[in-house]
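The file final_38.txt contains compact mmCIF, C-alpha atoms:
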```txt
# COMPACT_ATOMS: atom_id res chain seq x y z
CA GLU A 5 0.00 0.00 0.00
CA GLY A 6 2.86 2.38 0.79
CA VAL A 7 4.51 1.67 -2.55
CA ILE A 8 1.21 2.25 -4.36
CA ASN A 9 0.60 5.50 -2.50
CA SER A 10 4.14 6.64 -3.26
CA ALA A 11 3.67 5.89 -6.96
CA GLU A 12 0.31 7.68 -7.01
CA ARG A 13 1.89 10.66 -5.25
CA LEU A 14 4.62 10.78 -7.92
CA VAL A 15 1.95 10.59 -10.66
CA ALA A 16 0.11 13.46 -8.98
CA GLU A 17 3.35 15.50 -8.80
CA VAL A 18 3.96 14.86 -12.50
CA GLY A 19 0.39 16.01 -13.17
CA VAL A 20 1.03 19.22 -11.24
CA LYS A 21 4.23 19.89 -13.22
CA GLU A 22 2.44 19.23 -16.52
CA ALA A 23 -0.43 21.48 -15.48
CA GLU A 24 2.03 24.24 -14.55
CA ALA A 25 3.76 23.86 -17.92
CA LEU A 26 0.40 24.05 -19.72
CA LEU A 27 -0.51 27.11 -17.68
CA ARG A 28 2.76 28.87 -18.56
CA GLU A 29 2.26 28.03 -22.25
CA ALA A 30 -1.32 29.32 -22.17
CA GLU A 31 -0.17 32.52 -20.43
CA SER A 32 2.52 32.99 -23.07
CA ASN A 33 0.02 32.43 -25.90
CA LEU A 34 -2.38 34.85 -24.27
CA GLU A 35 0.32 37.52 -23.95
CA VAL A 36 1.38 37.05 -27.58
CA ALA A 37 -2.23 37.28 -28.79
CA ARG A 38 -2.83 40.41 -26.71
CA GLU A 39 0.32 42.08 -28.04
CA ALA A 40 -0.56 41.13 -31.64
CA LEU A 41 -4.04 42.59 -31.25
CA GLY A 42 -2.63 45.78 -29.74
CA VAL A 43 -0.16 46.17 -32.62
CA LEU A 44 -2.88 45.45 -35.16
CA ILE A 45 -5.28 48.10 -33.92
CA GLY A 46 -2.46 50.55 -33.20
CA ALA A 47 -3.11 50.65 -29.47
CA ASP A 48 -0.36 52.13 -27.34
CA SER A 49 0.34 51.64 -23.65
CA THR A 50 -2.29 54.20 -22.66
CA VAL A 51 -5.10 52.16 -24.22
CA VAL A 52 -4.43 48.86 -22.44
CA VAL A 53 -2.82 49.17 -19.02
CA PRO A 54 -2.04 45.83 -17.35
CA THR A 55 -2.95 45.70 -13.66
CA THR A 56 -0.82 42.62 -12.99
CA PRO A 57 2.53 41.41 -14.40
CA LEU A 58 0.50 39.15 -16.69
CA PHE A 59 -2.53 40.87 -18.11
CA ILE A 60 -5.23 38.25 -18.59
CA PRO A 61 -8.41 39.75 -20.01
CA THR A 62 -11.64 38.15 -19.00
CA ALA A 63 -13.70 40.10 -21.54
CA ILE A 64 -12.54 40.42 -25.13
CA PRO A 65 -13.42 43.65 -26.95
CA SER A 66 -16.26 43.25 -29.39
CA LYS A 67 -15.47 42.64 -33.03
CA GLU A 68 -17.42 45.75 -34.03
CA ALA A 69 -15.32 47.93 -31.72
CA LEU A 70 -12.12 46.56 -33.21
CA LEU A 71 -13.37 46.89 -36.79
CA SER A 72 -14.23 50.54 -36.14
CA THR A 73 -10.52 51.15 -35.51
CA VAL A 74 -9.59 49.80 -38.95
CA GLU A 75 -10.55 53.01 -40.75
CA ARG A 76 -8.09 54.94 -38.56
CA ALA A 77 -5.20 52.63 -39.46
CA PRO A 78 -2.18 54.54 -40.79
CA THR A 79 -1.83 52.20 -43.76
CA LEU A 80 -5.38 52.89 -44.90
CA SER A 81 -4.87 56.64 -44.42
CA ALA A 82 -1.77 56.55 -46.63
CA LEU A 83 -3.59 54.56 -49.30
CA GLY A 84 -6.52 56.98 -49.09
CA THR A 85 -4.12 59.86 -49.72
CA GLN A 86 -2.67 58.02 -52.72
CA GLN A 87 -6.19 57.48 -54.03
CA GLN A 88 -6.97 61.22 -53.71
CA ILE A 89 -3.75 62.11 -55.53
CA ALA A 90 -4.63 59.69 -58.34
CA ALA A 91 -8.14 61.18 -58.58
CA HIS A 92 -6.71 64.69 -58.83
CA ALA A 93 -4.22 63.55 -61.48
CA LEU A 94 -7.12 62.07 -63.48
CA SER A 95 -9.10 65.31 -63.31
CA ILE A 96 -5.98 67.25 -64.41
CA GLU A 97 -5.52 64.96 -67.41
CA ARG A 98 -9.19 65.29 -68.34
CA SER A 99 -8.91 69.08 -68.19
CA ARG A 100 -6.42 68.95 -71.07
CA TYR A 101 -9.44 68.65 -73.39
CA LEU A 102 -10.53 72.17 -72.36
CA PRO A 103 -9.00 75.22 -74.02
CA SER A 104 -6.40 77.35 -72.29
CA VAL A 105 -7.76 80.83 -71.61
CA ALA A 106 -5.61 83.94 -71.22
CA LEU A 107 -7.02 87.27 -70.06
CA ILE A 108 -5.10 90.43 -70.89
CA GLY A 109 -5.80 93.89 -69.53
CA GLY A 110 -4.11 97.24 -69.19
CA GLN A 111 -4.77 100.68 -67.82
CA GLN A 112 -2.82 103.81 -68.77
CA LEU A 113 -1.95 105.83 -65.69
CA TRP A 114 0.17 108.66 -67.15
CA SER A 115 -0.26 110.15 -70.60
CA LYS A 116 1.28 113.60 -70.44
CA GLY A 117 2.49 114.72 -73.82
CA LEU A 118 0.62 111.97 -75.75
CA ASN A 119 -2.43 112.47 -77.88
CA LYS A 120 -5.47 110.76 -76.29
CA ASN A 121 -6.72 109.62 -79.71
CA LEU A 122 -3.58 107.61 -80.44
CA PHE A 123 -3.48 105.39 -77.34
CA PRO A 124 -6.55 104.08 -75.51
CA ARG A 125 -6.51 104.55 -71.76
CA THR A 126 -7.89 101.03 -71.12
CA ALA A 127 -7.34 97.81 -73.07
CA VAL A 128 -8.85 94.35 -72.39
CA GLY A 129 -8.35 91.12 -74.33
CA VAL A 130 -9.08 87.40 -74.22
CA GLY A 131 -6.94 84.69 -75.77
CA LEU A 132 -7.92 81.04 -76.33
CA SER A 133 -5.61 78.18 -77.17
CA TRP A 134 -6.88 74.67 -77.84
CA THR A 135 -5.04 71.67 -79.24
CA LEU A 136 -7.43 69.73 -81.44
CA PHE A 137 -5.24 66.71 -82.13
CA ASP A 138 -2.13 65.72 -80.19
CA GLY A 139 -1.53 62.18 -81.42
CA LEU A 140 -3.72 60.55 -78.73
CA SER A 141 -1.34 61.56 -75.94
CA ARG A 142 -4.26 62.94 -73.88
CA GLU A 143 -6.15 59.64 -74.15
CA SER A 144 -3.12 57.61 -73.08
CA ALA A 145 -2.47 59.97 -70.14
CA ILE A 146 -6.12 59.64 -69.05
CA SER A 147 -5.88 55.86 -69.33
CA ARG A 148 -2.73 55.84 -67.17
CA SER A 149 -4.41 58.05 -64.58
CA LYS A 150 -7.48 55.78 -64.52
CA ALA A 151 -5.23 52.74 -64.05
CA SER A 152 -3.38 54.47 -61.18
CA LEU A 153 -6.66 55.37 -59.52
CA ARG A 154 -7.99 51.83 -59.87
CA THR A 155 -4.72 50.40 -58.49
CA ALA A 156 -4.96 52.69 -55.45
CA GLN A 157 -8.60 51.69 -54.88
CA VAL A 158 -7.79 47.97 -55.14
CA ALA A 159 -4.81 48.33 -52.78
CA GLN A 160 -6.93 50.16 -50.22
CA GLU A 161 -9.69 47.54 -50.41
CA LYS A 162 -7.19 44.69 -50.14
CA THR A 163 -5.52 46.28 -47.11
CA ARG A 164 -8.90 46.81 -45.46
CA ASN A 165 -9.82 43.16 -46.05
CA ASP A 166 -6.41 42.03 -44.74
CA LEU A 167 -6.92 44.07 -41.57
CA HIS A 168 -10.39 42.61 -41.06
CA LEU A 169 -8.98 39.11 -41.52
CA ALA A 170 -6.11 39.82 -39.13
CA ILE A 171 -8.56 41.10 -36.51
CA ASP A 172 -10.67 37.94 -36.89
CA LYS A 173 -7.55 35.80 -36.56
CA SER A 174 -6.28 37.72 -33.53
CA LEU A 175 -9.67 37.50 -31.82
CA ALA A 176 -9.77 33.75 -32.46
CA THR A 177 -6.24 33.36 -31.09
CA LEU A 178 -7.08 35.47 -28.06
CA THR A 179 -10.26 33.47 -27.38
CA THR A 180 -8.35 30.20 -27.69
CA ALA A 181 -5.59 31.45 -25.40
CA ILE A 182 -8.10 32.53 -22.75
CA SER A 183 -9.90 29.17 -22.88
CA GLN A 184 -6.55 27.33 -22.67
CA HIS A 185 -5.54 29.47 -19.72
CA LYS A 186 -8.80 28.71 -17.90
CA ALA A 187 -8.46 24.99 -18.66
CA SER A 188 -4.85 25.00 -17.46
CA GLU A 189 -5.85 26.71 -14.22
CA SER A 190 -8.54 24.09 -13.64
CA THR A 191 -6.10 21.27 -14.41
CA GLN A 192 -3.55 22.73 -12.03
CA ARG A 193 -6.11 23.01 -9.23
CA VAL A 194 -7.21 19.40 -9.75
CA ALA A 195 -3.59 18.19 -9.77
CA GLU A 196 -2.75 20.17 -6.63
CA GLU A 197 -5.81 18.77 -4.85
CA LEU A 198 -4.93 15.22 -5.92
CA LEU A 199 -1.35 15.73 -4.69
CA ARG A 200 -2.61 17.06 -1.36
CA ILE A 201 -4.89 14.05 -0.92
CA ARG A 202 -2.12 11.60 -1.81
CA ARG A 203 0.29 13.23 0.60
CA ARG A 204 -2.22 12.90 3.42
```
Rendering of file as C-alpha cells:
Amino acid sequence: EGVINSAERLVAEVGVKEAEALLREAESNLEVAREALGVLIGADSTVVVPTTPLFIPTAIPSKEALLSTVERAPTLSALGTQQQIAAHALSIERSRYLPSVALIGGQQLWSKGLNKNLFPRTAVGVGLSWTLFDGLSRESAISRSKASLRTAQVAQEKTRNDLHLAIDKSLATLTTAISQHKASESTQRVAEELLRIRRR
C-alpha cells in the first residue's frame, strides 16, 4: 500500500508539473495574442494598461469595436491619400481637353504729352488656345491616370480586407488562449488537490 501510495503521489506530482507547464504556455500564448491585437489596432500603452505582471483579459473587446478602428489605421490613411492624388491627377488629365484661356488687360496711368486719340486709356483682351489633335497623348495619359486610380482603390480595399482578416484571426487566437488558460488553471487546481490528498 505504501509503494502504491508513493507511486500515485509521484503521478500526482507529474500532473502538477504538466499542469504548470500548460498554464505557462497558455499565459505565453495569451500575452502574444494580446500584443498582436494591440499592434494590429495601433493601441499604445495608454489604451491597455495591465494591472498585474501578466494581463489576462476576461472580456474580449467586441469585433465591431475593433473593426471601427480599422478606418483609422495609418496604412489605410496613406492609401486613401494616394487614391486622392490619383483622382486629382485624373481630373488634371481630363482638363487637357478644355482650351487654355488667357485674359489680358491694361490701364494707362500717365499720358502727359501723348495724344489721347492715339493710345486708348484702357485695353482688355481674351486669348484662347486649344489643341485639337495631339496624337492621342491625352487619351493615353487619361488611361494611365485611370489605371493608377484603380490600383490605389484595389490596394486600399485589399488592405482593409487584410486588416479585417487579421482582426478575426487575432480575436480567435485570443479566445483560444483565454480558454486554454482557464483549462490550465482548472487542471492545475485538480492536480494540486490530488497531490494534497495523496500526501495525506
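Checking A:Ser99, A:Ser32, A:Gln112, A:Thr73 one by one against A:Glu143, counting all atoms listed in the file, you find the shortest gap at A:Ser99.
Considering only C-alpha atoms, the residue among A:Val20, A:Val15, A:Ala91, A:Ala69 positioned nearest to A:Gln157 is A:Ala91.
Across the model, the gap from atom CA of A:Glu97 to atom CA of A:Leu80 is 25.5 Å.
Of note, atom CA of A:Gly129 and atom CA of A:Gly109 are spaced 6.1 Å apart.
Proximity of A:Arg148, A:Lys186, A:Arg164, A:Arg204 to A:Ser72, computed with all atoms listed in the file, is greatest for A:Arg164.
Comparing A:Leu153, A:Leu167, A:Ala25, A:Val36 by their smallest distance to A:Thr79, the closest is A:Leu167 (using only C-alpha atoms).
Between atom CA of A:Ile108 and atom CA of A:Val130 the separation is 6.0 Å.
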Legend entry - Surrounding residues of A:Thr163 excluding itself and chain neighbours under 4 positions, 12 Å, all atoms listed in the file, as a PyMOL selection string: chain A and resi 74-75+77-84+156-159+167-170
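Look at A:Ala181: the protein and nucleic acid residues within 7 Å of it, using all atoms listed in the file and passing over chain neighbours fewer than 4 places away, are Ala30, Asn33, Leu34, Thr177 and His185 of chain A.
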I need the residues from that last selection saved to file as a CSV table (one decimal), keeping the file's coordinate frame (with C-alpha atoms), if you can.
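Okay, part_18.csv is ready:
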```csv
chain,number,residue,atom,x,y,z
A,30,ALA,CA,-1.3,29.3,-22.2
A,33,ASN,CA,0.0,32.4,-25.9
A,34,LEU,CA,-2.4,34.8,-24.3
A,177,THR,CA,-6.2,33.4,-31.1
A,185,HIS,CA,-5.5,29.5,-19.7
```
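Nearest residue to A:Ile89 among A:Lys173, A:Lys150, A:Arg200, A:Arg193 is A:Lys150, counting only C-alpha atoms.
The shortest atom-to-atom distance to A:Gln111, with all atoms listed in the file taken into account, belongs to A:Ala127 out of A:Leu178, A:Ala127, A:Leu27, A:Ala93.
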Inset, instruction - May I have the residues within 12 Å of A:Ser66 as a PyMOL selection string, using all atoms listed in the file and disregarding those fewer than 4 positions away in the same chain? - result: chain A and resi 70-73+171-172+175-176+179
